[in-house]
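J.: Contents of target_38.pdb (PDB, C-alpha atoms, pLDDT in the B column):
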ATOM      1  CA  MET X   1     142.333 -52.886  52.354  1.00 91.00           C
ATOM      2  CA  THR X   2     143.805 -52.862  48.884  1.00 94.00           C
ATOM      3  CA  ASP X   3     146.407 -50.453  47.544  1.00 95.00           C
ATOM      4  CA  VAL X   4     146.040 -49.225  43.969  1.00 95.00           C
ATOM      5  CA  VAL X   5     149.334 -48.963  42.046  1.00 95.00           C
ATOM      6  CA  LEU X   6     150.540 -48.542  38.479  1.00 95.00           C
ATOM      7  CA  PRO X   7     151.345 -52.122  37.407  1.00 93.00           C
ATOM      8  CA  SER X   8     155.034 -52.972  37.340  1.00 91.00           C
ATOM      9  CA  ALA X   9     154.815 -53.847  33.626  1.00 91.00           C
ATOM     10  CA  ALA X  10     154.315 -50.127  32.886  1.00 92.00           C
ATOM     11  CA  TRP X  11     157.714 -49.390  34.445  1.00 92.00           C
ATOM     12  CA  LYS X  12     159.572 -51.951  32.297  1.00 91.00           C
ATOM     13  CA  ASP X  13     162.334 -50.280  30.245  1.00 89.00           C
ATOM     14  CA  VAL X  14     161.943 -46.991  32.189  1.00 91.00           C
ATOM     15  CA  GLU X  15     165.119 -45.422  33.538  1.00 92.00           C
ATOM     16  CA  PRO X  16     165.613 -45.802  37.303  1.00 91.00           C
ATOM     17  CA  GLY X  17     164.629 -42.639  39.154  1.00 91.00           C
ATOM     18  CA  THR X  18     161.900 -41.739  36.643  1.00 93.00           C
ATOM     19  CA  GLU X  19     158.595 -40.730  38.207  1.00 95.00           C
ATOM     20  CA  ALA X  20     155.078 -40.800  36.764  1.00 96.00           C
ATOM     21  CA  LEU X  21     152.475 -38.032  37.055  1.00 97.00           C
ATOM     22  CA  VAL X  22     148.842 -38.327  38.163  1.00 97.00           C
ATOM     23  CA  ASP X  23     147.175 -36.445  35.322  1.00 97.00           C
ATOM     24  CA  LYS X  24     143.562 -36.743  36.479  1.00 98.00           C
ATOM     25  CA  TRP X  25     141.525 -38.466  39.165  1.00 98.00           C
ATOM     26  CA  LEU X  26     138.110 -39.646  37.959  1.00 98.00           C
ATOM     27  CA  VAL X  27     136.936 -40.649  41.461  1.00 97.00           C
ATOM     28  CA  HIS X  28     136.930 -39.062  44.906  1.00 97.00           C
ATOM     29  CA  GLN X  29     137.369 -40.367  48.442  1.00 96.00           C
ATOM     30  CA  GLY X  30     134.184 -42.111  49.521  1.00 95.00           C
ATOM     31  CA  ASP X  31     133.171 -43.106  45.974  1.00 96.00           C
ATOM     32  CA  ARG X  32     132.211 -46.698  45.246  1.00 96.00           C
ATOM     33  CA  VAL X  33     134.121 -48.301  42.387  1.00 97.00           C
ATOM     34  CA  LYS X  34     133.656 -51.532  40.455  1.00 96.00           C
ATOM     35  CA  ALA X  35     136.494 -53.863  39.494  1.00 95.00           C
ATOM     36  CA  GLY X  36     137.911 -52.697  36.172  1.00 95.00           C
ATOM     37  CA  GLN X  37     136.558 -49.144  36.513  1.00 97.00           C
ATOM     38  CA  THR X  38     139.027 -46.435  35.522  1.00 97.00           C
ATOM     39  CA  MET X  39     139.926 -44.438  38.616  1.00 98.00           C
ATOM     40  CA  ALA X  40     142.671 -42.166  37.283  1.00 98.00           C
ATOM     41  CA  VAL X  41     144.859 -41.376  34.299  1.00 98.00           C
ATOM     42  CA  VAL X  42     148.617 -41.193  34.819  1.00 97.00           C
ATOM     43  CA  VAL X  43     151.453 -40.245  32.496  1.00 96.00           C
ATOM     44  CA  LEU X  44     154.784 -42.068  32.404  1.00 95.00           C
ATOM     45  CA  VAL X  45     157.394 -41.001  29.831  1.00 91.00           C
ATOM     46  CA  LYS X  46     154.807 -39.371  27.522  1.00 90.00           C
ATOM     47  CA  THR X  47     152.495 -42.411  27.679  1.00 92.00           C
ATOM     48  CA  SER X  48     149.097 -42.333  29.386  1.00 95.00           C
ATOM     49  CA  PHE X  49     147.888 -45.241  31.481  1.00 96.00           C
ATOM     50  CA  ASP X  50     144.472 -45.843  33.024  1.00 96.00           C
ATOM     51  CA  ILE X  51     144.542 -46.824  36.676  1.00 96.00           C
ATOM     52  CA  VAL X  52     141.712 -49.299  37.230  1.00 96.00           C
ATOM     53  CA  ALA X  53     140.086 -50.567  40.384  1.00 96.00           C
ATOM     54  CA  PRO X  54     141.273 -54.112  41.110  1.00 95.00           C
ATOM     55  CA  ILE X  55     138.141 -54.935  43.155  1.00 95.00           C
ATOM     56  CA  ASP X  56     134.632 -53.676  43.953  1.00 95.00           C
ATOM     57  CA  ALA X  57     135.309 -51.304  46.833  1.00 96.00           C
ATOM     58  CA  VAL X  58     135.064 -47.828  48.338  1.00 97.00           C
ATOM     59  CA  VAL X  59     137.854 -45.298  47.750  1.00 97.00           C
ATOM     60  CA  GLU X  60     139.082 -44.889  51.314  1.00 97.00           C
ATOM     61  CA  GLN X  61     141.994 -42.558  50.599  1.00 97.00           C
ATOM     62  CA  ILE X  62     143.696 -40.897  47.631  1.00 98.00           C
ATOM     63  CA  LEU X  63     147.385 -40.994  48.497  1.00 97.00           C
ATOM     64  CA  VAL X  64     148.871 -39.133  45.504  1.00 97.00           C
ATOM     65  CA  PRO X  65     146.990 -35.974  44.522  1.00 97.00           C
ATOM     66  CA  GLN X  66     146.315 -34.877  40.961  1.00 96.00           C
ATOM     67  CA  GLU X  67     149.371 -33.260  39.320  1.00 96.00           C
ATOM     68  CA  ALA X  68     151.748 -34.958  41.808  1.00 97.00           C
ATOM     69  CA  THR X  69     154.420 -37.470  40.854  1.00 97.00           C
ATOM     70  CA  PHE X  70     155.025 -40.967  42.185  1.00 97.00           C
ATOM     71  CA  ARG X  71     157.626 -43.740  42.062  1.00 96.00           C
ATOM     72  CA  PRO X  72     157.363 -47.407  41.009  1.00 95.00           C
ATOM     73  CA  GLY X  73     155.355 -49.442  43.514  1.00 94.00           C
ATOM     74  CA  GLN X  74     154.076 -46.355  45.349  1.00 96.00           C
ATOM     75  CA  PRO X  75     150.356 -46.695  46.198  1.00 97.00           C
ATOM     76  CA  LEU X  76     148.160 -44.084  44.517  1.00 97.00           C
ATOM     77  CA  ALA X  77     145.012 -44.834  46.485  1.00 98.00           C
ATOM     78  CA  ARG X  78     143.695 -47.191  49.123  1.00 97.00           C
ATOM     79  CA  LEU X  79     140.448 -49.122  48.710  1.00 97.00           C
ATOM     80  CA  LYS X  80     138.253 -50.583  51.424  1.00 96.00           C
ATOM     81  CA  ASP X  81     136.474 -53.818  50.541  1.00 88.00           C
ATOM     82  CA  ASP X  82     132.823 -53.011  49.903  1.00 66.00           C
ATOM     83  CA  ALA X  83     131.510 -56.418  51.019  1.00 59.00           C
TER
END
Turn the structure described in the file into structure tokens.
T.:
Amino acid sequence: MTDVVLPSAAWKDVEPGTEALVDKWLVHQGDRVKAGQTMAVVVLVKTSFDIVAPIDAVVEQILVPQEATFRPGQPLARLKDDA
């Protein structure tokens, strides 16, 4: 299994305690995704970031729902290897 997170580089220069918001999920649990496919759009300090699938896989679980906030390093979704 692989956790999907907002890369740590996005959090650089962000005040401690700041949370990001899941603006929109573009996939659902059970969907197949390809490496590099945009899975969600999140907003951190007025900047949008695409969350992309790191591997070809199946979306096993969405851990942070749309319109919810999350902290640095917190998994947004869990992928199950499709192989």
J.: If I wrap all listed atoms of range 51-65 of chain X in a box with edges along x, y and z and add 5 Å on each side, what are its centre and edge lengths in Å to one decimal, as lines of an AutoDock Vina configuration file?
T.:
center_x = 141.8
center_y = -45.5
center_z = 44.0
size_x = 24.2
size_y = 29.0
size_z = 24.6
J.: Starting from the PyMOL selection byres ((chain X and resi 81) around 8), expand the selection into actual residues of this file and give them as a ChimeraX atom specification.
T.: /X:1-2,55-58,79-80,82-83
J.: Go ahead and dump the residues you just picked, C-alpha atoms, as a PDB file, in the coordinates of the input.
T.:
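Output file result38.pdb is given in full below:
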ATOM      1  CA  MET X   1     142.333 -52.886  52.354  1.00 91.00           C
ATOM      2  CA  THR X   2     143.805 -52.862  48.884  1.00 94.00           C
ATOM      3  CA  ILE X  55     138.141 -54.935  43.155  1.00 95.00           C
ATOM      4  CA  ASP X  56     134.632 -53.676  43.953  1.00 95.00           C
ATOM      5  CA  ALA X  57     135.309 -51.304  46.833  1.00 96.00           C
ATOM      6  CA  VAL X  58     135.064 -47.828  48.338  1.00 97.00           C
ATOM      7  CA  LEU X  79     140.448 -49.122  48.710  1.00 97.00           C
ATOM      8  CA  LYS X  80     138.253 -50.583  51.424  1.00 96.00           C
ATOM      9  CA  ASP X  82     132.823 -53.011  49.903  1.00 66.00           C
ATOM     10  CA  ALA X  83     131.510 -56.418  51.019  1.00 59.00           C
TER      11      ALA X  83
END
J.: Can you list, as JSON, numbers by chain, the residues that the PyMOL selection byres ((chain X and resi 27) around 9) selects here?
T.: {"X": [25, 26, 28, 29, 30, 31, 32, 33, 38, 39, 40, 59]}
J.: So how many Å separate CA of Gln37 in chain X and CA of Val4 in chain X, to one decimal?
T.: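 A separation of 12.1 Å between them.
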J.: Is there a way to get, as a PyMOL selection string, all residues within 10 Å of the point (157.0, -39.1, 39.3) in file coordinates, counting all atoms listed in the file?
T.: chain X and resi 17-22+42-45+67-72+74
J.: Restricting the calculation to all atoms listed in the file, which member of X:Asp3, X:Asp23, X:Phe49, X:Pro54 is positioned closest to Ala35 in chain X?
T.: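 Nearest to Ala35 in chain X: X:Pro54.
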J.: Provide the CA of Val52 in chain X to CA of Gly36 in chain X distance in Å, to one decimal place.
T.: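 These atoms are spaced 5.2 Å apart.
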J.: How far is it from CA of Pro75 in chain X to CA of Val14 in chain X, in Å with one decimal?
T.: 18.2 Å
J.: Ranking X:Pro16, X:Trp11, X:Gly73, X:Lys24 by minimum distance to Val41 in chain X and counting only C-alpha atoms, which one comes first?
T.: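 Checking each of X:Pro16, X:Trp11, X:Gly73, X:Lys24 against Val41 in chain X, counting only C-alpha atoms, the winner is X:Lys24.
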J.: Could you tell me which of X:Lys34, X:Lys12, X:Lys46, X:Arg78 comes closest to Gln61 in chain X if we count only C-alpha atoms?
T.: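 Under the stated criterion, the closest residue is X:Arg78.
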